[in-house]
Structures are given as structure tokens and as C-alpha cells.
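S.K.: The following file, upload.txt, comprises compact mmCIF, C-alpha atoms:
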```
# COMPACT_ATOMS: atom_id res chain seq x y z
CA MET D 930 120.54 -2.99 102.10
CA LYS D 931 118.51 -5.67 103.85
CA SER D 932 117.43 -5.33 107.42
CA GLU D 933 119.04 -7.52 110.04
CA ILE D 934 116.83 -10.24 111.56
CA ARG D 935 116.90 -11.00 115.27
CA THR D 936 115.07 -13.58 117.32
CA ILE D 937 113.26 -12.08 120.28
CA ALA D 938 111.45 -13.74 123.18
CA MET D 939 108.51 -12.09 124.92
CA THR D 940 105.68 -13.06 127.19
CA VAL D 941 102.56 -12.02 125.31
CA ASN D 942 99.24 -12.30 127.14
CA GLY D 943 100.75 -14.90 129.45
CA GLU D 944 102.30 -17.04 126.71
CA GLN D 945 106.01 -17.33 125.95
CA VAL D 946 106.63 -16.51 122.31
CA SER D 947 109.74 -16.43 120.21
CA VAL D 948 109.67 -14.60 116.90
CA ASP D 949 112.13 -13.55 114.22
CA VAL D 950 111.86 -9.83 113.54
CA GLU D 951 113.53 -7.28 111.31
CA VAL D 952 115.36 -4.88 113.61
CA ARG D 953 113.40 -2.01 112.07
CA ALA D 954 110.02 -3.68 112.69
CA LEU D 955 107.63 -1.88 115.01
CA LEU D 956 106.18 -3.82 117.93
CA SER D 957 102.68 -2.93 116.71
CA ASP D 958 103.37 -4.64 113.36
CA VAL D 959 104.96 -7.71 114.93
CA LEU D 960 101.95 -8.15 117.22
CA ARG D 961 99.54 -7.82 114.31
CA HIS D 962 101.35 -9.49 111.43
CA ASP D 963 103.58 -12.09 113.07
CA LEU D 964 101.56 -12.98 116.14
CA ARG D 965 98.20 -12.32 114.44
CA LEU D 966 96.99 -10.31 117.44
CA THR D 967 94.98 -7.86 115.36
CA GLY D 968 93.09 -6.40 118.31
CA THR D 969 95.90 -3.84 118.60
CA HIS D 970 95.02 -1.23 116.01
CA VAL D 971 97.41 1.00 114.10
CA GLY D 972 96.25 4.56 113.48
CA CYS D 973 98.70 7.41 113.07
CA GLU D 974 101.96 5.49 113.55
CA HIS D 975 103.67 8.42 115.19
CA GLY D 976 102.36 8.25 118.71
CA VAL D 977 99.54 10.76 118.53
CA CYS D 978 96.29 8.77 118.29
CA GLY D 979 96.73 6.10 120.96
CA ALA D 980 95.00 3.28 119.03
CA CYS D 981 98.02 0.98 119.33
CA THR D 982 98.42 1.36 123.11
CA ILE D 983 99.38 -1.86 124.89
CA LEU D 984 100.97 -2.72 128.22
CA VAL D 985 104.73 -3.23 128.35
CA ASP D 986 105.83 -4.61 131.72
CA GLY D 987 102.59 -3.28 133.20
CA GLU D 988 102.87 0.28 131.86
CA SER D 989 100.74 1.63 129.01
CA ALA D 990 102.79 2.51 125.95
CA ARG D 991 102.43 3.15 122.22
CA SER D 992 103.38 -0.03 120.40
CA CYS D 993 104.06 2.01 117.24
CA LEU D 994 106.86 3.84 119.07
CA ILE D 995 108.73 0.74 120.21
CA LEU D 996 110.91 -1.40 117.99
CA ALA D 997 109.96 -5.04 118.41
CA VAL D 998 113.61 -5.85 119.08
CA GLN D 999 113.41 -3.56 122.13
CA ALA D 1000 110.62 -5.72 123.57
CA ASP D 1001 112.95 -8.72 123.85
CA GLY D 1002 112.49 -10.07 127.37
CA SER D 1003 109.40 -7.94 128.07
CA THR D 1004 105.94 -8.87 129.25
CA ILE D 1005 103.35 -7.62 126.78
CA GLU D 1006 99.59 -7.40 127.28
CA THR D 1007 97.16 -6.61 124.48
CA VAL D 1008 93.39 -6.28 124.30
CA GLU D 1009 93.19 -10.02 123.63
CA SER D 1010 94.19 -10.55 127.28
CA LEU D 1011 90.91 -9.00 128.45
CA GLY D 1012 87.53 -10.71 128.13
CA SER D 1013 86.17 -12.70 125.21
CA VAL D 1014 83.07 -12.03 123.14
CA SER D 1015 81.09 -14.44 125.30
CA SER D 1016 82.62 -13.22 128.55
CA LEU D 1017 83.54 -9.55 128.56
CA SER D 1018 85.77 -8.13 131.29
CA ALA D 1019 84.09 -5.77 133.75
CA LEU D 1020 85.66 -2.80 131.96
CA GLN D 1021 84.54 -4.02 128.55
CA GLU D 1022 81.05 -4.62 129.94
CA ALA D 1023 80.96 -1.02 131.20
CA PHE D 1024 81.85 0.16 127.67
CA ARG D 1025 79.09 -2.03 126.18
CA GLU D 1026 76.47 -0.87 128.67
CA ASN D 1027 77.31 2.82 128.21
CA HIS D 1028 77.76 2.73 124.44
CA GLY D 1029 81.40 3.71 125.02
CA LEU D 1030 82.35 2.81 121.46
CA GLN D 1031 80.99 3.11 117.97
CA CYS D 1032 83.40 1.99 115.27
CA GLY D 1033 85.74 0.46 117.86
CA PHE D 1034 88.98 1.48 116.19
CA CYS D 1035 90.29 3.42 119.20
CA THR D 1036 88.72 1.15 121.81
CA SER D 1037 91.40 -1.48 122.31
CA GLY D 1038 94.03 1.15 123.03
CA ILE D 1039 91.74 2.97 125.45
CA LEU D 1040 90.93 -0.27 127.26
CA MET D 1041 94.61 -1.04 127.74
CA SER D 1042 95.36 2.45 129.07
CA LEU D 1043 92.47 2.05 131.49
CA CYS D 1044 93.79 -1.34 132.63
CA ALA D 1045 97.08 0.32 133.56
CA ALA D 1046 95.28 3.18 135.30
CA GLU D 1047 93.14 0.75 137.29
CA ARG D 1048 96.15 -1.31 138.36
CA HIS D 1049 98.11 1.76 139.39
CA GLY D 1050 95.18 3.00 141.46
CA GLU D 1051 94.66 6.18 139.43
CA ASP D 1052 91.62 8.10 140.63
CA LEU D 1053 88.62 8.89 138.46
CA GLU D 1054 89.62 12.48 137.71
CA GLU D 1055 93.15 11.49 136.65
CA THR D 1056 91.73 8.72 134.49
CA LEU D 1057 89.11 10.88 132.76
CA GLY D 1058 91.65 13.65 132.13
CA GLU D 1059 95.24 12.49 131.80
CA VAL D 1060 94.69 8.88 130.79
CA LEU D 1061 91.81 9.34 128.34
CA GLY D 1062 93.59 12.47 127.07
CA GLY D 1063 96.17 10.18 125.46
CA HIS D 1064 93.60 8.81 123.01
CA ILE D 1065 91.72 10.18 120.05
CA CYS D 1066 88.18 8.97 119.31
CA ARG D 1067 86.46 10.34 116.24
CA CYS D 1068 83.03 8.77 116.86
CA THR D 1069 81.79 9.19 120.37
CA GLY D 1070 82.64 12.74 121.36
CA TYR D 1071 84.07 11.05 124.47
CA GLN D 1072 80.94 11.51 126.57
CA ASN D 1073 79.99 7.85 126.51
CA ILE D 1074 83.58 6.76 127.08
CA ARG D 1075 83.63 8.98 130.14
CA ALA D 1076 80.31 7.48 131.25
CA ALA D 1077 81.76 3.98 130.89
CA ILE D 1078 84.84 4.92 132.90
CA GLU D 1079 82.72 6.56 135.59
CA ALA D 1080 80.48 3.49 135.81
CA HIS D 1081 83.42 1.10 135.98
CA TRP D 1082 85.32 3.16 138.54
CA ALA D 1083 82.15 3.46 140.70
CA LYS D 1084 81.44 -0.25 140.51
CA SER D 1085 84.78 -2.01 140.41
CA VAL D 1086 87.63 0.28 141.35
CA THR D 1087 88.36 0.76 145.02
CA GLN D 1088 88.91 4.45 145.66
CA MET M 122 105.06 4.97 107.83
CA LYS M 123 107.65 2.33 108.68
CA PRO M 124 111.24 2.92 109.75
CA PRO M 125 113.85 2.79 106.99
CA VAL M 126 116.50 0.10 107.05
CA PHE M 127 119.26 0.71 109.58
CA GLU M 128 121.85 -1.31 111.42
CA TYR M 129 120.95 -1.90 115.03
CA ARG M 130 123.41 -1.94 117.89
CA ASP M 131 122.44 -2.59 121.51
CA PRO M 132 125.55 -2.09 123.64
CA ARG M 133 125.60 -3.73 127.07
CA SER M 134 127.96 -1.26 128.76
CA LEU M 135 128.65 2.47 128.72
CA ASP M 136 132.13 1.84 127.32
CA GLU M 137 130.69 -0.20 124.47
CA ALA M 138 128.08 2.50 123.75
CA LEU M 139 130.72 5.25 123.71
CA GLY M 140 132.93 3.14 121.46
CA LEU M 141 130.07 2.79 118.97
CA LEU M 142 129.45 6.56 119.08
CA ASN M 143 133.14 7.13 118.40
CA GLU M 144 132.96 4.82 115.42
CA TYR M 145 129.61 5.89 113.89
CA GLY M 146 129.18 9.47 115.17
CA ASP M 147 127.03 11.52 112.83
CA ASP M 148 125.87 8.44 110.93
CA SER M 149 124.09 7.16 114.03
CA SER M 150 121.07 8.05 116.12
CA ILE M 151 120.86 7.23 119.82
CA LEU M 152 117.69 5.37 120.78
CA ALA M 153 116.62 5.88 124.40
CA GLY M 154 112.86 6.20 125.04
CA GLY M 155 112.21 6.44 121.31
CA GLN M 156 109.24 8.78 121.65
CA SER M 157 110.84 11.37 119.37
CA LEU M 158 113.25 9.24 117.33
CA ILE M 159 110.78 6.51 116.32
CA PRO M 160 108.18 8.97 114.96
CA LEU M 161 111.00 10.57 112.97
CA LEU M 162 111.98 7.13 111.66
CA ASN M 163 108.37 6.21 110.88
CA LEU M 164 107.92 9.47 108.98
CA ARG M 165 111.34 8.92 107.32
CA LEU M 166 112.44 12.34 108.54
CA ALA M 167 115.44 10.58 110.10
CA ARG M 168 117.46 8.01 108.15
CA PRO M 169 120.42 7.06 110.32
CA ASP M 170 122.75 4.32 109.11
CA TYR M 171 123.03 3.03 112.67
CA VAL M 172 120.61 3.07 115.58
CA ILE M 173 122.44 2.73 118.88
CA ASP M 174 119.91 1.50 121.45
CA ILE M 175 121.24 2.43 124.90
CA ASN M 176 118.40 0.80 126.86
CA LYS M 177 120.59 -2.12 127.90
CA VAL M 178 123.38 0.08 129.24
CA PRO M 179 123.32 -0.43 133.02
CA GLY M 180 123.62 2.36 135.56
CA LEU M 181 122.01 5.17 133.55
CA ASP M 182 118.57 5.08 135.19
CA THR M 183 119.44 6.64 138.52
CA ILE M 184 117.58 9.20 140.64
CA GLU M 185 119.73 10.94 143.25
CA VAL M 186 118.37 13.63 145.53
CA LEU M 187 121.64 15.11 146.81
CA PRO M 188 122.34 18.08 149.04
CA GLY M 189 121.98 20.97 146.61
CA CYS M 190 120.72 19.16 143.53
CA VAL M 191 118.56 16.51 141.94
CA ARG M 192 120.74 14.41 139.63
CA VAL M 193 119.00 12.07 137.22
CA GLY M 194 120.56 9.45 134.98
CA ALA M 195 119.79 9.91 131.30
CA LEU M 196 117.77 6.71 130.88
CA THR M 197 115.35 7.43 133.73
CA ARG M 198 111.77 7.40 132.43
CA ILE M 199 109.57 10.43 133.05
CA ARG M 200 106.75 8.27 134.42
CA ARG M 201 109.05 7.10 137.18
CA LEU M 202 110.32 10.62 137.86
CA GLU M 203 106.84 12.13 138.12
CA ARG M 204 105.90 9.53 140.75
CA ASP M 205 109.07 10.02 142.79
CA PRO M 206 108.16 11.48 146.20
CA LYS M 207 111.75 12.55 146.93
CA ILE M 208 111.82 14.79 143.86
CA ARG M 209 108.40 16.26 144.64
CA ALA M 210 109.60 17.06 148.16
CA VAL M 211 112.56 19.16 146.99
CA ALA M 212 111.51 20.32 143.52
CA PRO M 213 107.72 20.30 143.17
CA ALA M 214 107.77 22.48 140.04
CA LEU M 215 109.97 19.89 138.38
CA SER M 216 107.41 17.19 139.22
CA ASP M 217 104.65 19.43 137.80
CA ALA M 218 106.66 19.91 134.61
CA PHE M 219 107.10 16.14 134.22
CA GLN M 220 103.32 15.74 134.28
CA ASN M 221 102.94 18.28 131.49
CA ILE M 222 105.01 16.21 129.07
CA ALA M 223 102.75 14.56 126.48
CA HIS M 224 100.57 11.76 127.89
CA PRO M 225 101.13 9.00 130.47
CA GLN M 226 101.30 6.48 127.63
CA ILE M 227 104.27 8.42 126.21
CA ARG M 228 105.93 9.26 129.53
CA SER M 229 106.16 5.56 130.36
CA ARG M 230 108.87 5.39 127.69
CA THR M 231 110.25 8.95 127.47
CA THR M 232 113.64 9.35 129.11
CA ILE M 233 114.95 12.56 130.62
CA GLY M 234 118.15 12.37 128.59
CA GLY M 235 116.31 11.87 125.32
CA ASN M 236 113.83 14.62 126.07
CA ILE M 237 116.55 17.16 126.85
CA SER M 238 119.04 16.20 124.14
CA HIS M 239 116.28 16.31 121.49
CA ALA M 240 116.26 20.09 122.19
CA ASP M 241 112.73 20.73 121.02
CA PRO M 242 112.12 24.40 121.82
CA SER M 243 108.54 23.56 122.86
CA SER M 244 109.66 20.89 125.29
CA GLU M 245 109.09 21.46 129.00
CA LEU M 246 112.27 20.15 130.62
CA PRO M 247 114.77 22.35 128.76
CA GLY M 248 112.85 25.36 130.07
CA VAL M 249 112.79 24.04 133.61
CA LEU M 250 116.51 23.29 133.36
CA ALA M 251 117.04 26.91 132.30
CA ALA M 252 115.09 28.31 135.26
CA TYR M 253 116.92 26.05 137.71
CA ASP M 254 120.28 27.00 136.13
CA GLY M 255 120.86 23.31 135.58
CA ARG M 256 123.46 21.43 133.60
CA VAL M 257 123.95 18.20 131.68
CA GLN M 258 126.74 15.66 131.75
CA LEU M 259 128.19 14.69 128.37
CA THR M 260 130.37 11.60 128.26
CA SER M 261 132.68 10.29 125.56
CA SER M 262 135.43 7.69 125.47
CA SER M 263 137.86 10.38 126.57
CA GLY M 264 135.90 11.44 129.65
CA SER M 265 132.98 13.47 130.96
CA ARG M 266 132.19 17.17 131.02
CA TRP M 267 129.38 19.14 132.63
CA VAL M 268 127.78 21.77 130.42
CA SER M 269 125.39 24.45 131.68
CA TRP M 270 121.98 24.62 130.00
CA SER M 271 122.90 27.93 128.33
CA ASP M 272 125.96 26.40 126.68
CA PHE M 273 124.04 23.25 125.71
CA PHE M 274 120.98 24.40 123.76
CA VAL M 275 121.92 26.03 120.45
CA THR M 276 118.79 26.13 118.32
CA VAL M 277 115.93 23.89 117.22
CA PHE M 278 116.96 20.22 117.69
CA THR M 279 120.59 21.34 117.99
CA THR M 280 122.90 21.20 120.99
CA THR M 281 126.63 21.40 121.63
CA ARG M 282 126.78 17.63 122.21
CA GLU M 283 129.53 16.25 119.99
CA SER M 284 128.63 13.26 117.84
CA ASN M 285 130.86 10.98 119.94
CA GLU M 286 129.23 12.10 123.20
CA LEU M 287 126.31 10.67 125.12
CA LEU M 288 124.21 12.75 127.48
CA THR M 289 124.55 10.67 130.65
CA ALA M 290 123.00 12.77 133.43
CA VAL M 291 121.01 15.91 134.13
CA GLU M 292 121.36 18.05 137.22
CA PHE M 293 118.76 20.45 138.66
CA PRO M 294 120.26 22.57 141.47
CA THR M 295 117.86 22.76 144.42
CA ASP M 296 118.87 25.97 146.17
CA GLN M 297 116.46 25.83 149.11
CA ASN M 298 116.13 29.62 149.08
CA PHE M 299 114.36 29.35 145.73
CA SER M 300 110.73 28.39 145.17
CA TYR M 301 109.58 27.54 141.67
CA GLU M 302 106.36 27.24 139.72
CA PHE M 303 105.83 25.86 136.22
CA GLU M 304 102.82 26.40 133.99
CA GLU M 305 102.09 26.06 130.31
CA ILE M 306 99.24 26.68 127.92
CA ALA M 307 98.42 24.09 125.26
CA ARG M 308 95.38 23.72 123.03
CA ARG M 309 94.66 20.37 124.70
CA PRO M 310 96.40 18.85 127.72
CA GLY M 311 99.29 16.73 126.47
CA ASP M 312 99.81 18.73 123.29
CA TYR M 313 102.98 20.69 122.78
CA PRO M 314 102.54 23.99 124.62
CA LEU M 315 101.93 27.27 122.82
CA ALA M 316 103.99 28.80 125.62
CA GLY M 317 105.32 27.74 128.99
CA VAL M 318 106.96 29.55 131.88
CA CYS M 319 109.05 28.38 134.80
CA ALA M 320 109.47 31.00 137.51
CA GLY M 321 111.71 30.83 140.55
CA ILE M 322 112.17 33.44 143.26
CA SER M 323 114.32 33.66 146.34
CA LEU M 324 112.70 35.74 149.08
CA ASP M 325 113.85 37.62 152.12
CA GLY M 326 110.53 37.97 153.92
CA SER M 327 108.41 39.21 151.04
CA GLN M 328 111.30 41.00 149.32
CA VAL M 329 112.68 39.32 146.21
CA ARG M 330 116.42 38.62 146.52
CA ALA M 331 116.75 36.93 143.13
CA ALA M 332 114.45 35.76 140.34
CA ARG M 333 114.79 33.25 137.53
CA LEU M 334 112.23 33.25 134.75
CA SER M 335 112.39 31.00 131.71
CA ALA M 336 110.08 30.50 128.77
CA ILE M 337 109.57 27.72 126.25
CA ALA M 338 107.95 27.56 122.81
CA ILE M 339 108.66 31.21 122.02
CA ALA M 340 112.19 31.03 120.61
CA ASP M 341 114.48 28.50 118.93
CA ARG M 342 115.68 27.37 122.35
CA PRO M 343 114.60 27.85 125.96
CA ILE M 344 115.29 31.40 127.13
CA ARG M 345 115.67 33.30 130.36
CA MET M 346 113.77 36.57 130.62
CA THR M 347 116.42 38.71 132.25
CA ALA M 348 114.62 42.07 132.05
CA ALA M 349 111.68 40.63 133.96
CA GLU M 350 114.08 39.00 136.43
CA SER M 351 115.79 42.36 137.04
CA ALA M 352 112.43 44.06 137.47
CA LEU M 353 111.67 41.71 140.34
CA VAL M 354 114.89 42.07 142.34
CA GLY M 355 114.36 44.08 145.52
CA VAL M 356 110.61 44.47 145.15
CA ASP M 357 107.88 43.26 147.48
CA ILE M 358 106.34 40.17 145.83
CA SER M 359 103.11 40.63 147.78
CA ASN M 360 102.46 43.79 145.75
CA ALA M 361 100.27 42.85 142.76
CA ALA M 362 101.56 45.84 140.77
CA VAL M 363 105.14 44.52 140.77
CA ARG M 364 104.01 41.10 139.59
CA GLN M 365 102.05 42.83 136.84
CA ALA M 366 105.10 44.93 135.93
CA ALA M 367 107.28 41.80 135.69
CA SER M 368 104.76 40.09 133.42
CA GLN M 369 104.75 43.17 131.17
CA ALA M 370 108.55 43.29 131.17
CA ALA M 371 108.59 39.62 130.10
CA ALA M 372 106.16 40.29 127.25
CA ALA M 373 108.26 43.26 126.11
CA GLU M 374 111.62 41.49 126.10
CA ILE M 375 110.71 38.29 124.26
CA ASN M 376 110.73 38.12 120.52
CA PRO M 377 108.35 35.36 119.41
CA MET M 378 107.61 34.69 115.75
CA ASP M 379 104.28 34.33 113.99
CA ASP M 380 103.59 30.72 113.11
CA GLU M 381 100.66 28.50 112.22
CA HIS M 382 99.79 28.06 115.91
CA GLY M 383 99.48 31.74 116.71
CA SER M 384 100.77 35.25 116.13
CA ALA M 385 103.73 36.79 117.93
CA ALA M 386 101.34 39.12 119.77
CA PHE M 387 99.28 36.14 120.93
CA ARG M 388 102.37 34.41 122.31
CA ARG M 389 103.49 37.59 124.05
CA GLY M 390 100.12 37.65 125.76
CA LEU M 391 100.42 34.01 126.78
CA VAL M 392 103.87 34.52 128.30
CA SER M 393 102.69 37.62 130.13
CA THR M 394 99.74 35.69 131.56
CA LEU M 395 101.92 32.75 132.56
CA VAL M 396 104.48 34.98 134.29
CA LYS M 397 101.64 36.65 136.17
CA ARG M 398 100.10 33.32 137.18
CA THR M 399 103.34 31.72 138.33
CA LEU M 400 104.38 34.82 140.28
CA ASP M 401 100.92 35.03 141.85
CA ARG M 402 101.29 31.46 143.08
CA LEU M 403 104.82 32.14 144.35
CA ALA M 404 103.38 35.12 146.24
CA GLY M 405 100.70 32.86 147.71
CA VAL M 406 97.92 34.70 145.91
CA PRO M 407 95.36 32.75 143.89
CA SER M 408 95.30 33.89 140.25
```
Let me see the file written as C-alpha cells.
M.R.:
Amino acid sequence: MKSEIRTIAMTVNGEQVSVDVEVRALLSDVLRHDLRLTGTHVGCEHGVCGACTILVDGESARSCLILAVQADGSTIETVESLGSVSSLSALQEAFRENHGLQCGFCTSGILMSLCAAERHGEDLEETLGEVLGGHICRCTGYQNIRAAIEAHWAKSVTQ
Amino acid sequence: MKPPVFEYRDPRSLDEALGLLNEYGDDSSILAGGQSLIPLLNLRLARPDYVIDINKVPGLDTIEVLPGCVRVGALTRIRRLERDPKIRAVAPALSDAFQNIAHPQIRSRTTIGGNISHADPSSELPGVLAAYDGRVQLTSSSGSRWVSWSDFFVTVFTTTRESNELLTAVEFPTDQNFSYEFEEIARRPGDYPLAGVCAGISLDGSQVRAARLSAIAIADRPIRMTAAESALVGVDISNAAVRQAASQAAAAEINPMDDEHGSAAFRRGLVSTLVKRTLDRLAGVPS
């Protein structure tokens, strides 16, 4: 049995895109393979690790737990919507300054969760606990990620 | 780690969704928030012929705070529910329980109907529903019926929902004489709990008129701890010894199993501690 193909339309990082997807395709795979947005990383593929976290209509969500066909009509934001190598976003700069990443595999998902937290006005404690708690990092021991969040929240986030 | 091939249906009305369930029944899986179904698909533990995505069915994402109950449409996301000030005002323990479900990144998608109909014995909301004496609405092409929590949950991942029925709403009675507390213990915040307790008491002064105590993650479905409830009726909740006695009664009446996460004795201890903590808070005493 072959999988049905549907054409979906999404706004991805501010751009209108239309893409043909298998109905069983995961949003994470469509972002990476079809749209070549490989900043979204795929770790566990069952919602535990948080590496694939993106924003769907402004809320952080696991892109491995959403069928691409479900994202039809949605606004998607990935790590590529943040700064560039030559011009990091304030949050990315805080991660760089505080050595908030080592291998970087988990980083893009964490950054997107933090974007949602910042926009929703989450306080520092909520962000360090609940929000970061949705991500697994096997390099840093979290201390430097917490330092980066603390620095960014102190500098840029209105309490 | 990719979903198997299935046929996808995305009905645009409740009637259309119920018609599809009539037609495909046991060969289909209902996709709501997807936070349990999609992992099962990715792991190939579920291989439905049809996936019926109900996200485009209008009218199922309602929050109603009515006299006597909070009624929530099945498609309402937990992230929205946990932020709802009207729910927190009338059922704060319910709001606390919402915030114990997985992580914010999951709760943004998780729906109340999906969470409850998945019937995971470790899941928070079935236990809260049990303590509140709540019920669920099941709807098929031939009509709707309300089913109490105790007639709904059968065993692990199994409910009395017929294959042609859709869980359409959940109702938490908010008897204003009752105050509730919810607490769980997990290895890390956001993990499935090793045990969780929801405690509700109705007081006349400091005398307990009625008590409702439920526990999760210790049996194949959420349970009420009726011996501990009985032990509380008529006693003075401000007396630490009676709260201690109720926590011991709870530990004695439950029948947890040993598993890879902990022994039965360990879980008994957790439930006892949680009953003590929730009752302490209901008595206004810091644990």
C-alpha cells in the first residue's frame, strides 16, 4: 500500500511554502528533507528529547509528534528564523557567551522553546524549570544553559 | 521510527467524524493532539488502517465554567486549560494537575479528550477525574451518553468507549463544599509519575463531612481509596494524627505491583506520603 500524497501550505519562517507530503510524513522530516531546513534536529522521534522543538502558531511543540499534513495552514518557526552566523540573536549570543552548548544537537530545540517562553512572558524560574525541563542535553550538564538563560532574561526580558 | 502507511481522513464536522468511526471502527485510530498516538505510530506499536484526524472538527474546543461543573470540549489543549483563570478560580487542583502533565512543549498539543481516552494508568487527569467524581461524554451517530469515570476506565489503555464512539467532552463537578489538592512524585518533573494523589474534602468547620481520595500509577486504572476516605469522615482534619491515620489506611488498602520503576512497598510509601501531604495542605498545615 502506498501512502496518499497531499499538498499542504504553511508559512515557514515568514515565507509561504507549498509542499507535497505523504500523509504519514512527520513535520520534522518535511522541514528537514523537503524544505532543507536542517537546523531542526531529530533525536528520539517519540517526543522525549526535545531536539526537534519548533514553534507552531507561536507555541513550542515537538515537530516529530505532528504529521506534516496537520500543519496545513499553520505558521511555523524554526531555528533558522533566529539570527545568522554573522548576526546572532540576543538569545543565541547569550548561549555563545556562556558556553551554553557543546555539540549543539539539542540547542536549536532549546532556543525555540525559549523563544516561546520569552514571548509568553514566562518568568526566569518557570523557564529554568518547566521550559528547560522539556529538553535533554547530554553535553553541558545544563549549568551553562541555565547561565545563558539567566543572562538573557536579566538583560533582555522585561520582568 | 517513522509512521507506517495509513489512510488519512480529516473530517470537517462532527457528523462526518462519527460517520467515519461507524465505518472504520476498530481499524481506525483517532488523532487529536497526537502526543500519545504519534509516538505509538513512530515506534510501530500502533498500525491503524485509518487515522481519523479530528482537529478540523469545529466546536470541540470549548471551556465552560458552569454552575456545578467545569465542562471541557475534547479537543481543548492542556496548555490553554492550564492558563485559564476561570478554571483556576473554581478548581485550582485541576489547574495544578494540568501543569504536571509532561512538558509545556507537549501540553501545547495534548488535548483533554486524548489524554483521558488514552487511559494511561500513570496519567494525571484520569486520577483527578476520579477524585472529582467526573464523567465523560461519548458520542456516536446514534446519540450521546454520559459515562462516569468509574464506568469508563477498564484497564491499561482500555475504556468502555465503543469503536464507533468519540469522546466529545469531559465534566469535572465543582461542588463548592469540596476543596482539592493534587500532587505527584516523578523522578524528574515532566516524567510519568511513580505515584500521584488527588485529595478532596468537604468540611463542616474542621470536621470532615466527606472525603474523596484517588491515586494514579499504582493500579491498571485510576482508583479511589475508599478505606482512607471512610477513615476521614467525621474526624477533625486539624488533628495531625487523623491525617496520619488516613495516609496509613491508603497505604494498606492499595495493591501496587513491583515493576522496573520501583517495588510495591516503595509505591505504598509514596502514596502514603502524598496522601499526608495533600491532606496537610487541605488542613492548612505546611508539610
S.K.: Provide as a ChimeraX atom specification the residues of chain M at most 6 Å from chain D, counting all atoms listed in the file.
M.R.: /M:124,126,159-160,224,226
S.K.: Calculated over only C-alpha atoms, which of the candidates M:Asp174, M:Asp401, M:Asp380, M:Asp272 has the smallest distance to Leu139 (chain M)?
M.R.: M:Asp174
S.K.: Name the residues in contact with Phe274 (chain M) at a cut-off of 9 Å, using all atoms listed in the file, excluding same-chain residues fewer than 6 positions from it; report them as a list of chain:residue names.
M.R.: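 Answer for this query is M:Ser238, M:Ala240, M:Pro247, M:Thr280, M:Thr281, M:Arg342, M:Pro343.
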S.K.: If you count only C-alpha atoms, which residues fall within 8 Å of region 300-315 of chain M, apart from same-chain ones fewer than 5 positions away, as a PyMOL selection string?
M.R.: (chain D and resi 1059+1062-1063) or (chain M and resi 212-215+217-218+221-224+243-244+249+320-323+338-339+382-383+388+391+395+399-400+402-403)
S.K.: As an exercise, work out the distance from CA of Leu164 (chain M) to CA of Leu152 (chain M) in Å and give it to one decimal place.
M.R.: 15.9 Å
S.K.: With 4 Å on each side, where is the centre of the axis-aligned box around all listed atoms of region 982-1000 of chain D, and how long are its edges in Å to one decimal, as lines of an AutoDock Vina configuration file?
M.R.:
```
center_x = 106.0
center_y = -1.0
center_z = 125.2
size_x = 23.2
size_y = 17.7
size_z = 24.0
```
S.K.: Calculate how many Å separate CA of Arg389 (chain M) from CA of Ala372 (chain M), rounding to one decimal.
M.R.: 5.0 Å
S.K.: For a test of reading the model, state the distance in Å between CA of Lys123 (chain M) and CA of Thr231 (chain M), rounded to one decimal.
M.R.: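 Taking CA of Lys123 (chain M) and CA of Thr231 (chain M), their separation equals 20.1 Å.
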